[in-house]
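Everything on this sheet refers to the single structure shown next.
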Amino acid sequence: MNSVCKYLLCLLLFSLSIIPLRGGVVNHDKLFEAYLVNDMKVWGDELNVYVKKQNLSSLDKFEICNYLYGYVAAILDEADKNTVKYWLDIFEKFLDELEKEGKYIAEVHVYRSSIYAYKAKKFSSQMLSAATKCFKELDLAFQTDENCAIAHGLKGNMEFYLPAIMGGNKKNAIKYFTKAVELMPKSQPILYRWNWCATRLCLAQAYEKTNQKDKAIQICNETLKVYPNFKYMKNTYLPSLKK
């Protein structure tokens, strides 16, 4: 074996030694496939198993929180208040633990911001205080990491859904959604597959609402080339754009 081959082999072995081998508790493929066909019952069933496991690592809790972020949003309107509170309590518990461990702090702030948004929507008695905390936590996320992908995604949602009188701006939403989509594949690509699809959908909707329907259609077509089984985009949203 010549010296160049020996060097490359040593480099490869060293690189493998610093990559953490991991068999985490989350079944990312199962959850993502369920997301694509809009079967959130699978998410609820899986999360019920994950959150009861003992000795979860920081990464396990971080990954579970990302799915809780999506799951609570999905059930928020239809589930009763006790069910929503059950999941929010678990969500907050994991975030508190991650903060104590000093892990994923920017994301912790994003998820806390989302929790306050969910509380403002579901529990009218907490609306004002929760809304204020929601904005504060998102600001802290950006202060911690200006390139936090999900922070850009959540900020885009705020810009999109807030009335203009409260500072909402759908053109600004496009900027944040675009940045979020750009950043997601660069970190946690397996974890963020569902976030990427959801944010691409939000980006298309923002283009639609700013009278840029051609760009919305383009975003959908590009997304479906990557994930052709994205049921809602393929069967519902894209056909509505083409009418």
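In the structure tokens, each chain is lettered A, B, ... as it comes, each chain's residues begin at 1, and ligands are numbered from 1 in order of appearance.
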Can you list every residue of stretch 193-228 of chain A that has an atom at most 10 Å from stretch 61-80 of chain A, with its nearest atom pair and the distance in Å to one decimal, using only C-alpha atoms, ordered by chain then number, as JSON lines?
{"residue": "A:Trp194", "atom": "CA", "partner": "A:Gly70", "partner_atom": "CA", "distance": 8.8}
{"residue": "A:Asn195", "atom": "CA", "partner": "A:Gly70", "partner_atom": "CA", "distance": 8.3}
{"residue": "A:Ala198", "atom": "CA", "partner": "A:Gly70", "partner_atom": "CA", "distance": 9.5}
What are the DSSP helix (DSSP H, G or I) residues of stretch 21-118 of chain A, as a ChimeraX atom specification?
/A:28-36,40-50,58-75,81-101,105-118
Mind checking which residues fall within 10 Å of A:Val51, counting only C-alpha atoms, ignoring those fewer than 5 positions away in the same chain, and posting them as a ChimeraX atom specification?
/A:25,46,56,60-61,64-65,87,90-91,94
Tell me, as a PyMOL selection string, which residues lie within 12 Å of A:Gln143, counting only C-alpha atoms; anything in the same chain fewer than 5 positions away does not count.
chain A and resi 105-107+109-110+136-138+148+151
Skipping near chain neighbours, those fewer than 3 positions away, what residues fall within 12 Å of A:Phe123 using only C-alpha atoms, listed as number ranges by chain?
A: 76-77, 80-82, 84-85, 115-120, 126-131
Atom CA of A:Gln218 to atom CA of A:Trp43, distance in Å rounded to a single decimal
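Distance reported for this atom pair: 29.4 Å.
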Could you list, as a CSV table (one decimal) with all heavy atoms, in the first residue's frame, every residue within 7 Å of stretch 182-186 of chain A, counting only C-alpha atoms and ignoring same-chain residues fewer than 3 positions away?
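Wrote it out as out_0.csv, contents follow:
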chain,number,residue,atom,x,y,z
A,149,ALA,N,-32.5,27.4,11.7
A,149,ALA,CA,-33.5,27.2,10.6
A,149,ALA,C,-34.9,27.3,11.0
A,149,ALA,O,-35.7,28.0,10.4
A,149,ALA,CB,-33.2,25.9,9.9
A,178,THR,N,-37.9,31.4,2.8
A,178,THR,CA,-36.8,31.1,1.9
A,178,THR,C,-35.5,30.8,2.6
A,178,THR,O,-34.8,29.8,2.3
A,178,THR,CB,-36.6,32.2,0.9
A,178,THR,OG1,-37.8,32.5,0.2
A,178,THR,CG2,-35.5,31.9,-0.1
A,179,LYS,N,-35.2,31.6,3.6
A,179,LYS,CA,-34.0,31.3,4.4
A,179,LYS,C,-34.1,30.0,5.2
A,179,LYS,O,-33.2,29.3,5.3
A,179,LYS,CB,-33.8,32.5,5.4
A,179,LYS,CG,-32.5,32.4,6.2
A,179,LYS,CD,-31.3,32.6,5.3
A,179,LYS,CE,-30.0,32.7,6.1
A,179,LYS,NZ,-28.8,32.8,5.2
A,189,PRO,N,-30.5,17.0,8.7
A,189,PRO,CA,-31.3,16.8,7.5
A,189,PRO,C,-32.4,15.8,7.6
A,189,PRO,O,-33.5,15.9,7.0
A,189,PRO,CB,-30.3,16.4,6.4
A,189,PRO,CG,-29.1,15.9,7.2
A,189,PRO,CD,-29.1,16.7,8.5
A,192,TYR,N,-35.3,17.2,9.9
A,192,TYR,CA,-36.0,18.4,9.4
A,192,TYR,C,-36.7,18.1,8.0
A,192,TYR,O,-37.2,19.0,7.4
A,192,TYR,CB,-35.0,19.6,9.2
A,192,TYR,CG,-34.7,20.2,10.5
A,192,TYR,CD1,-33.5,21.0,10.6
A,192,TYR,CD2,-35.5,20.2,11.6
A,192,TYR,CE1,-33.1,21.6,11.8
A,192,TYR,CE2,-35.1,20.8,12.8
A,192,TYR,CZ,-34.0,21.5,12.9
A,192,TYR,OH,-33.6,22.1,14.0
A,196,TRP,N,-39.0,20.9,6.3
A,196,TRP,CA,-38.7,21.4,5.0
A,196,TRP,C,-39.9,21.4,4.1
A,196,TRP,O,-40.2,22.4,3.4
A,196,TRP,CB,-37.6,20.5,4.4
A,196,TRP,CG,-37.0,21.0,3.1
A,196,TRP,CD1,-36.0,21.9,2.9
A,196,TRP,CD2,-37.4,20.6,1.7
A,196,TRP,NE1,-35.8,22.1,1.5
A,196,TRP,CE2,-36.6,21.3,0.8
A,196,TRP,CE3,-38.4,19.7,1.3
A,196,TRP,CZ2,-36.8,21.1,-0.6
A,196,TRP,CZ3,-38.5,19.5,-0.1
A,196,TRP,CH2,-37.7,20.2,-1.0
To one decimal in Å, tell me the separation between atom CA of A:Gly156 and atom CA of A:Gln212.
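According to the coordinates, atom CA of A:Gly156 and atom CA of A:Gln212 are separated by 16.9 Å.
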Do a neighbour search on A:Lys30 at 12 Å with only C-alpha atoms, toss out local chain neighbours closer than 2 positions, and write the hits as a PyMOL selection string.
chain A and resi 25-28+32-37+39-43+45-47+190-191+193-194
